[in-house]
Amino acid sequence: MRSDPAILGDSDLLAWRHWAAPLGWFAALGVLLVAMPHLGALFAAIDPEAREPIYRRDPFIDLLANHLLVVAGASSIAIVSGVSAAIMVTRPWGRDFLPLVSQLASIGQTFPPVAVLALAVPWLGFGGLPTVVALVLYGLLPIVRNTLVGIGEVDPSTREAARGMGMSPSQVLWQLELPLAAPVILAGIRTSVTVGIATAAIGSTIGAKTLGDPIIAGIINGNTAYILQGAILIGVLALFIDSVFARLLPSQR
Amino acid sequence: MTDQVRIALLNVSKRFGDDTAVDGLSLAIAPGELCVLVGTSGCGKSTTLRMINRLIEHSDGQIHIDGQPIREINEQALRRRIGYAIQSTGLFPHWTVARNIGLVPRLLKWPNERIQKRTRELMQLLGLKEAEFAGKYPHQLSGGQAQRVGVARALAADPDILLMDEPFGALDPITREALQNELIRLQARLKKTIVFVTHDMEEAMKLADRIVVMDGGKVVQQGSPQDLLMAPENAFVESLLGGRDRGLKQAGLIPVRDVMHPTGARRQTTAAAVSADDNLRGALSLMLLNRLSSLTVVDERDRTVGTLGVDDIMHRKNLLPAASAKPTNSSANQPASKPAPRSDDGDAPEAKAKVQGVSTDRAEKMSPHQGSEPHHEE
């Protein structure tokens, strides 16, 4: 099987040097997790007034794991529902729902996640669940929009030829439309996941354990060191995930 | 009936909302025939083509393939046994040339070795070097190469029927001519039943066993290229035929071989030479170019085989081609053609019969229909 240049670039996906950036960010994250608790002197220098320079209520590794879990859950739901909704409304039988779906996705993103949290708590209680709901709604738009664009960009005459050759509708979808739309869909997922990593921090306001915990605690206690620790970890995590996606996407030609 | 007619359209209509794209069209295409649908854009020729493989469902009438109504055949199964080539090629951009060609065999679940063997065969047949092209992607091909791949893909599962929708329309004139010649060569060998759509009458003349001129969703005239040139049904057909270039076009259908005097007959050899396989149009052009009134005729190995003088061309009886020139064609065994002009909707049945009777008699067709009114004698 030949590798497909439209999706993977002309290079071998597994060549280690192409993974230098993701590996670098991953290493940075590991080093930070291990080193952070021992940098008390440094953070004390940054914020001399803090009573306790390092956030110790939960180990950073636990916060990171839970943060990732919330984002992974929300992104999986957003990807599956967003991509399938976009596929549905580009089928001949679902075309009537196209405006509805794209409008719902837009509303999802214009609605601030904080407001969604506030509205969701009475229904779903405190913790991870309302955070996931807010992230799903917030992350749907880029996925739906990019899937619609990706499928829409497939040359109609190619689709026509595919039908004319005797491909069934599902063969046209799986062998023509999705492979050609894949880079655009992947770009949408990248945006959605990266934004989701940053946004998940607000879950800490309603009791979800995330890397937002030190930030919220820092705000409440006026402890700049806590805020910095949470922010640095979230930032490096987002850069790591983003570099993985950058690797999966084809280089710009 | 079924072994005489491969594709039959019986009184077929297609309406899109209130618009009628194809209006009561009847057509019977014999096995091995290359039938060209010609007309201006919007005349329903593409729609007709696409109704044959059910990319468009007909609204009325019946379409049969090998005697079976196409609505009784599963649409995917039907399309897999009909080759389909279009102007924009429609090659899959993310697949290699070899994989594109093997598309239909793969859909038909042929074993891999058979697909590979067939792909190799087809690349050879269409003059695509396997080592050079098999691994290329469509965006790395020129227009002509891409269209060769498109035709190879259409032929992949060895279908009896080939539908071609302006396949050469987007190519430059030189590439187009090369591919037209290629198609003639392929057709002589493969004897497929081909329905070919074009708006280019020159192309139709060159390729067709039978030309079907369409306008406003109806057949205006059908017949061999010679039939049309001899007696265009009305002003519309005449304008498609190129107006006053008709004489030259007619000459373009007659091989030099049929008119020349074989060597040793009466004239001296001349400076310029024309191939025996060329046509009278080419010969006339050579005469004008070299200011000669006669030419030497040579065969493919450049041996003198005869002479051709301008008198021979002029005195050729009626400029009629030899009856054997287009063996598959004869208007006599075709179903009722609809020679009515556009304006004349309610033509009486006897009028139809009368025009048809005339159209089978070529000798009589020379004089009457020169004007724009085909029915003036009624």
# chains A, B, ... in the order shown; residues from 1 in each chain; ligands from 1

$ closest_atom_pairs --of "chain A" --to "chain B" --cutoff "8 Å" --atoms "only C-alpha atoms" --output "JSON lines"
{"residue": "A:Asp4", "atom": "CA", "partner": "B:His94", "partner_atom": "CA", "distance": 6.8}
{"residue": "A:Pro5", "atom": "CA", "partner": "B:His94", "partner_atom": "CA", "distance": 7.6}
{"residue": "A:Ala6", "atom": "CA", "partner": "B:His94", "partner_atom": "CA", "distance": 6.2}
{"residue": "A:Ser157", "atom": "CA", "partner": "B:Gly90", "partner_atom": "CA", "distance": 5.4}
{"residue": "A:Thr158", "atom": "CA", "partner": "B:Gly90", "partner_atom": "CA", "distance": 3.9}
{"residue": "A:Arg159", "atom": "CA", "partner": "B:Gly90", "partner_atom": "CA", "distance": 7.4}
{"residue": "A:Glu160", "atom": "CA", "partner": "B:Gly90", "partner_atom": "CA", "distance": 7.4}
{"residue": "A:Ala161", "atom": "CA", "partner": "B:Gly90", "partner_atom": "CA", "distance": 5.3}
{"residue": "A:Ala162", "atom": "CA", "partner": "B:Gly90", "partner_atom": "CA", "distance": 7.6}
{"residue": "A:Arg163", "atom": "CA", "partner": "B:Leu55", "partner_atom": "CA", "distance": 7.5}
{"residue": "A:Gly164", "atom": "CA", "partner": "B:Arg79", "partner_atom": "CA", "distance": 6.0}
{"residue": "A:Met165", "atom": "CA", "partner": "B:Arg79", "partner_atom": "CA", "distance": 5.7}
{"residue": "A:Gly166", "atom": "CA", "partner": "B:Gln76", "partner_atom": "CA", "distance": 4.4}
{"residue": "A:Met167", "atom": "CA", "partner": "B:Gln76", "partner_atom": "CA", "distance": 6.4}
{"residue": "A:Ser168", "atom": "CA", "partner": "B:Gln76", "partner_atom": "CA", "distance": 6.5}
{"residue": "A:Leu176", "atom": "CA", "partner": "B:Phe92", "partner_atom": "CA", "distance": 7.2}
{"residue": "A:Pro179", "atom": "CA", "partner": "B:His94", "partner_atom": "CA", "distance": 7.7}
{"residue": "A:Leu180", "atom": "CA", "partner": "B:His94", "partner_atom": "CA", "distance": 7.0}

$ write_last_selection --atoms "N, CA and C atoms" --output "PDB file, in the first residue's frame"
ATOM      1  N   ASP A   4      -0.359   7.933   1.213  1.00  0.00           N
ATOM      2  CA  ASP A   4      -1.136   8.885   0.438  1.00  0.00           C
ATOM      3  C   ASP A   4      -0.637  10.305   0.665  1.00  0.00           C
ATOM      4  N   PRO A   5      -0.098  10.940  -0.358  1.00  0.00           N
ATOM      5  CA  PRO A   5       0.552  12.237  -0.149  1.00  0.00           C
ATOM      6  C   PRO A   5      -0.444  13.326   0.231  1.00  0.00           C
ATOM      7  N   ALA A   6      -1.704  13.154  -0.170  1.00  0.00           N
ATOM      8  CA  ALA A   6      -2.671  14.200   0.136  1.00  0.00           C
ATOM      9  C   ALA A   6      -2.847  14.333   1.639  1.00  0.00           C
ATOM     10  N   SER A 157     -17.547  16.979 -10.213  1.00  0.00           N
ATOM     11  CA  SER A 157     -17.410  16.066 -11.352  1.00  0.00           C
ATOM     12  C   SER A 157     -16.723  14.768 -10.931  1.00  0.00           C
ATOM     13  N   THR A 158     -15.861  14.842  -9.918  1.00  0.00           N
ATOM     14  CA  THR A 158     -15.243  13.608  -9.416  1.00  0.00           C
ATOM     15  C   THR A 158     -16.299  12.745  -8.733  1.00  0.00           C
ATOM     16  N   ARG A 159     -17.172  13.416  -7.988  1.00  0.00           N
ATOM     17  CA  ARG A 159     -18.239  12.684  -7.316  1.00  0.00           C
ATOM     18  C   ARG A 159     -19.166  12.052  -8.358  1.00  0.00           C
ATOM     19  N   GLU A 160     -19.456  12.839  -9.388  1.00  0.00           N
ATOM     20  CA  GLU A 160     -20.316  12.360 -10.471  1.00  0.00           C
ATOM     21  C   GLU A 160     -19.682  11.145 -11.162  1.00  0.00           C
ATOM     22  N   ALA A 161     -18.365  11.237 -11.414  1.00  0.00           N
ATOM     23  CA  ALA A 161     -17.676  10.110 -12.042  1.00  0.00           C
ATOM     24  C   ALA A 161     -17.744   8.887 -11.139  1.00  0.00           C
ATOM     25  N   ALA A 162     -17.556   9.109  -9.834  1.00  0.00           N
ATOM     26  CA  ALA A 162     -17.599   7.987  -8.891  1.00  0.00           C
ATOM     27  C   ALA A 162     -18.955   7.285  -8.962  1.00  0.00           C
ATOM     28  N   ARG A 163     -20.025   8.084  -8.991  1.00  0.00           N
ATOM     29  CA  ARG A 163     -21.355   7.480  -9.110  1.00  0.00           C
ATOM     30  C   ARG A 163     -21.503   6.781 -10.452  1.00  0.00           C
ATOM     31  N   GLY A 164     -21.015   7.439 -11.497  1.00  0.00           N
ATOM     32  CA  GLY A 164     -21.133   6.884 -12.838  1.00  0.00           C
ATOM     33  C   GLY A 164     -20.377   5.571 -13.014  1.00  0.00           C
ATOM     34  N   MET A 165     -19.328   5.385 -12.218  1.00  0.00           N
ATOM     35  CA  MET A 165     -18.563   4.136 -12.276  1.00  0.00           C
ATOM     36  C   MET A 165     -19.298   3.017 -11.541  1.00  0.00           C
ATOM     37  N   GLY A 166     -20.324   3.393 -10.764  1.00  0.00           N
ATOM     38  CA  GLY A 166     -21.071   2.374 -10.041  1.00  0.00           C
ATOM     39  C   GLY A 166     -20.694   2.246  -8.586  1.00  0.00           C
ATOM     40  N   MET A 167     -20.168   3.327  -7.979  1.00  0.00           N
ATOM     41  CA  MET A 167     -19.905   3.282  -6.541  1.00  0.00           C
ATOM     42  C   MET A 167     -21.205   3.556  -5.792  1.00  0.00           C
ATOM     43  N   SER A 168     -21.397   2.842  -4.681  1.00  0.00           N
ATOM     44  CA  SER A 168     -22.580   3.088  -3.870  1.00  0.00           C
ATOM     45  C   SER A 168     -22.347   4.375  -3.069  1.00  0.00           C
ATOM     46  N   LEU A 176     -13.949   8.364  -1.332  1.00  0.00           N
ATOM     47  CA  LEU A 176     -13.673   9.608  -2.040  1.00  0.00           C
ATOM     48  C   LEU A 176     -13.779  10.824  -1.109  1.00  0.00           C
ATOM     49  N   PRO A 179     -11.614  10.689   2.545  1.00  0.00           N
ATOM     50  CA  PRO A 179     -10.155  10.829   2.371  1.00  0.00           C
ATOM     51  C   PRO A 179      -9.758  12.214   1.859  1.00  0.00           C
ATOM     52  N   LEU A 180     -10.540  12.780   0.945  1.00  0.00           N
ATOM     53  CA  LEU A 180     -10.182  14.096   0.413  1.00  0.00           C
ATOM     54  C   LEU A 180     -10.433  15.205   1.425  1.00  0.00           C
TER      55      LEU A 180
END

$ residues_around --residues "Pro31 (chain B)" --least-positions-apart "3" --cutoff "10 Å" --atoms "only C-alpha atoms" --output "number ranges by chain"
B: 2-7, 28, 34, 66, 160-161, 191-194, 328

$ residues_around --residues "Met51 (chain B)" --least-positions-apart "3" --cutoff "12 Å" --atoms "only C-alpha atoms" --output "MDAnalysis selection string"
(chainID A and resid 164) or (chainID B and resid 7:9 12:15 21:22 25 44:48 54:65 70:71 75 78:79 163 195)

$ write_last_selection --atoms "C-alpha atoms" --output "mmCIF file, in the first residue's frame"
data_model
loop_
_atom_site.group_PDB
_atom_site.id
_atom_site.type_symbol
_atom_site.label_atom_id
_atom_site.label_comp_id
_atom_site.auth_asym_id
_atom_site.auth_seq_id
_atom_site.Cartn_x
_atom_site.Cartn_y
_atom_site.Cartn_z
ATOM 1 C CA GLY A 164 -21.133 6.884 -12.838
ATOM 2 C CA ILE B 7 -29.452 0.382 -26.420
ATOM 3 C CA ALA B 8 -33.043 1.287 -27.153
ATOM 4 C CA LEU B 9 -34.741 4.515 -26.116
ATOM 5 C CA VAL B 12 -38.120 8.889 -23.594
ATOM 6 C CA SER B 13 -38.754 12.219 -21.876
ATOM 7 C CA LYS B 14 -37.095 13.998 -19.009
ATOM 8 C CA ARG B 15 -38.645 16.922 -17.189
ATOM 9 C CA ALA B 21 -35.003 18.640 -21.224
ATOM 10 C CA VAL B 22 -35.675 15.630 -23.418
ATOM 11 C CA LEU B 25 -36.859 10.808 -27.883
ATOM 12 C CA GLY B 44 -30.640 17.530 -23.987
ATOM 13 C CA LYS B 45 -27.746 15.486 -25.350
ATOM 14 C CA SER B 46 -25.930 15.128 -22.020
ATOM 15 C CA THR B 47 -29.187 14.436 -20.224
ATOM 16 C CA THR B 48 -29.925 11.685 -22.736
ATOM 17 C CA ARG B 54 -29.383 6.188 -14.621
ATOM 18 C CA LEU B 55 -27.347 9.114 -13.305
ATOM 19 C CA ILE B 56 -30.567 10.854 -14.289
ATOM 20 C CA GLU B 57 -33.818 8.927 -14.093
ATOM 21 C CA HIS B 58 -36.051 9.337 -17.133
ATOM 22 C CA SER B 59 -39.523 10.715 -16.479
ATOM 23 C CA ASP B 60 -41.353 8.922 -19.281
ATOM 24 C CA GLY B 61 -40.828 6.258 -21.877
ATOM 25 C CA GLN B 62 -38.537 3.282 -21.699
ATOM 26 C CA ILE B 63 -34.832 2.654 -21.980
ATOM 27 C CA HIS B 64 -33.696 -0.894 -22.667
ATOM 28 C CA ILE B 65 -30.222 -2.335 -22.685
ATOM 29 C CA ILE B 70 -32.820 -0.396 -17.164
ATOM 30 C CA ARG B 71 -35.150 0.286 -14.248
ATOM 31 C CA GLU B 75 -28.338 1.067 -10.619
ATOM 32 C CA LEU B 78 -25.919 -1.249 -14.323
ATOM 33 C CA ARG B 79 -23.229 1.432 -14.104
ATOM 34 C CA LEU B 163 -20.780 6.512 -22.631
ATOM 35 C CA VAL B 195 -22.651 6.842 -27.246
#

$ select_by_dssp --residues "region 11-252 of chain A" --states "alpha helix (DSSP H)" --output "PyMOL selection string"
chain A and resi 20-35+40-46+60-89+98-110+113-124+128-152+156-164+169-172+178-199+212-221+224-248

$ residues_around --residues "Leu240 (chain B)" --least-positions-apart "4" --cutoff "9 Å" --atoms "only C-alpha atoms" --output "number ranges by chain"
B: 38-40, 199-201, 213, 235-236

$ closest_residue --among "A:Ala246, A:Val101, A:Ile215, A:Ile232" --to "Pro22 (chain A)" --atoms "only C-alpha atoms"
A:Ala246

$ residues_around --residues "region 71-84 of chain A" --least-positions-apart "4" --cutoff "8 Å" --atoms "only C-alpha atoms" --output "ChimeraX atom specification"
/A:67,88,132-133,135-137,139-141,143-144,147,189,192-193,196-197,200

$ write_last_selection --atoms "N, CA, C and O atoms" --output "mmCIF file, in the first residue's frame"
data_model
loop_
_atom_site.group_PDB
_atom_site.id
_atom_site.type_symbol
_atom_site.label_atom_id
_atom_site.label_comp_id
_atom_site.auth_asym_id
_atom_site.auth_seq_id
_atom_site.Cartn_x
_atom_site.Cartn_y
_atom_site.Cartn_z
ATOM 1 N N HIS A 67 -7.402 16.644 33.759
ATOM 2 C CA HIS A 67 -7.602 17.673 32.726
ATOM 3 C C HIS A 67 -7.715 17.003 31.351
ATOM 4 O O HIS A 67 -8.636 17.246 30.577
ATOM 5 N N MET A 88 -24.178 13.893 7.631
ATOM 6 C CA MET A 88 -25.602 13.716 7.404
ATOM 7 C C MET A 88 -26.201 14.830 6.555
ATOM 8 O O MET A 88 -26.953 14.562 5.629
ATOM 9 N N VAL A 132 -17.665 18.918 30.703
ATOM 10 C CA VAL A 132 -17.648 18.215 29.417
ATOM 11 C C VAL A 132 -18.721 18.784 28.488
ATOM 12 O O VAL A 132 -18.466 19.043 27.302
ATOM 13 N N VAL A 133 -19.934 18.999 29.049
ATOM 14 C CA VAL A 133 -21.016 19.546 28.214
ATOM 15 C C VAL A 133 -20.613 20.895 27.626
ATOM 16 O O VAL A 133 -20.769 21.149 26.424
ATOM 17 N N LEU A 135 -17.638 22.090 27.104
ATOM 18 C CA LEU A 135 -16.564 21.939 26.121
ATOM 19 C C LEU A 135 -17.074 21.370 24.800
ATOM 20 O O LEU A 135 -16.633 21.771 23.723
ATOM 21 N N VAL A 136 -18.006 20.431 24.897
ATOM 22 C CA VAL A 136 -18.565 19.850 23.661
ATOM 23 C C VAL A 136 -19.228 20.948 22.840
ATOM 24 O O VAL A 136 -18.965 21.100 21.640
ATOM 25 N N LEU A 137 -20.095 21.729 23.502
ATOM 26 C CA LEU A 137 -20.809 22.787 22.773
ATOM 27 C C LEU A 137 -19.820 23.780 22.166
ATOM 28 O O LEU A 137 -19.956 24.196 21.023
ATOM 29 N N GLY A 139 -16.701 23.264 21.356
ATOM 30 C CA GLY A 139 -15.784 22.698 20.365
ATOM 31 C C GLY A 139 -16.443 22.201 19.095
ATOM 32 O O GLY A 139 -15.760 21.819 18.145
ATOM 33 N N LEU A 140 -17.776 22.191 19.050
ATOM 34 C CA LEU A 140 -18.463 21.634 17.877
ATOM 35 C C LEU A 140 -18.246 22.442 16.611
ATOM 36 O O LEU A 140 -18.018 21.887 15.538
ATOM 37 N N LEU A 141 -18.312 23.760 16.739
ATOM 38 C CA LEU A 141 -18.329 24.604 15.531
ATOM 39 C C LEU A 141 -17.155 24.355 14.584
ATOM 40 O O LEU A 141 -17.362 24.100 13.404
ATOM 41 N N ILE A 143 -15.340 21.841 14.156
ATOM 42 C CA ILE A 143 -15.393 20.494 13.569
ATOM 43 C C ILE A 143 -16.489 20.411 12.512
ATOM 44 O O ILE A 143 -16.265 19.968 11.389
ATOM 45 N N VAL A 144 -17.684 20.894 12.867
ATOM 46 C CA VAL A 144 -18.795 20.860 11.909
ATOM 47 C C VAL A 144 -18.449 21.697 10.675
ATOM 48 O O VAL A 144 -18.569 21.238 9.535
ATOM 49 N N THR A 147 -15.714 20.089 8.507
ATOM 50 C CA THR A 147 -16.185 18.895 7.803
ATOM 51 C C THR A 147 -17.065 19.301 6.621
ATOM 52 O O THR A 147 -16.942 18.754 5.522
ATOM 53 N N ILE A 189 -10.518 19.658 13.924
ATOM 54 C CA ILE A 189 -10.369 18.941 15.194
ATOM 55 C C ILE A 189 -9.208 19.541 15.997
ATOM 56 O O ILE A 189 -9.298 19.714 17.212
ATOM 57 N N SER A 192 -10.355 22.699 17.626
ATOM 58 C CA SER A 192 -11.308 22.390 18.684
ATOM 59 C C SER A 192 -10.606 21.847 19.921
ATOM 60 O O SER A 192 -10.862 22.294 21.040
ATOM 61 N N VAL A 193 -9.677 20.903 19.736
ATOM 62 C CA VAL A 193 -9.003 20.276 20.875
ATOM 63 C C VAL A 193 -8.087 21.285 21.583
ATOM 64 O O VAL A 193 -8.069 21.375 22.808
ATOM 65 N N GLY A 196 -10.043 23.609 23.459
ATOM 66 C CA GLY A 196 -10.644 22.869 24.571
ATOM 67 C C GLY A 196 -9.686 22.725 25.750
ATOM 68 O O GLY A 196 -10.098 22.839 26.907
ATOM 69 N N ILE A 197 -8.411 22.498 25.464
ATOM 70 C CA ILE A 197 -7.423 22.343 26.545
ATOM 71 C C ILE A 197 -7.350 23.622 27.379
ATOM 72 O O ILE A 197 -7.331 23.585 28.613
ATOM 73 N N ALA A 200 -10.846 24.163 29.291
ATOM 74 C CA ALA A 200 -11.208 23.197 30.344
ATOM 75 C C ALA A 200 -10.882 23.738 31.734
ATOM 76 O O ALA A 200 -11.502 23.347 32.724
#

$ atom_distance --atom1 "CA of Gly282 (chain B)" --atom2 "CA of Val256 (chain B)"
8.8 Å

$ atom_distance --atom1 "CA of Gly24 (chain B)" --atom2 "CA of Gly216 (chain B)"
10.9 Å

$ atom_distance --atom1 "CA of Val197 (chain B)" --atom2 "CA of Leu49 (chain B)"
7.4 Å
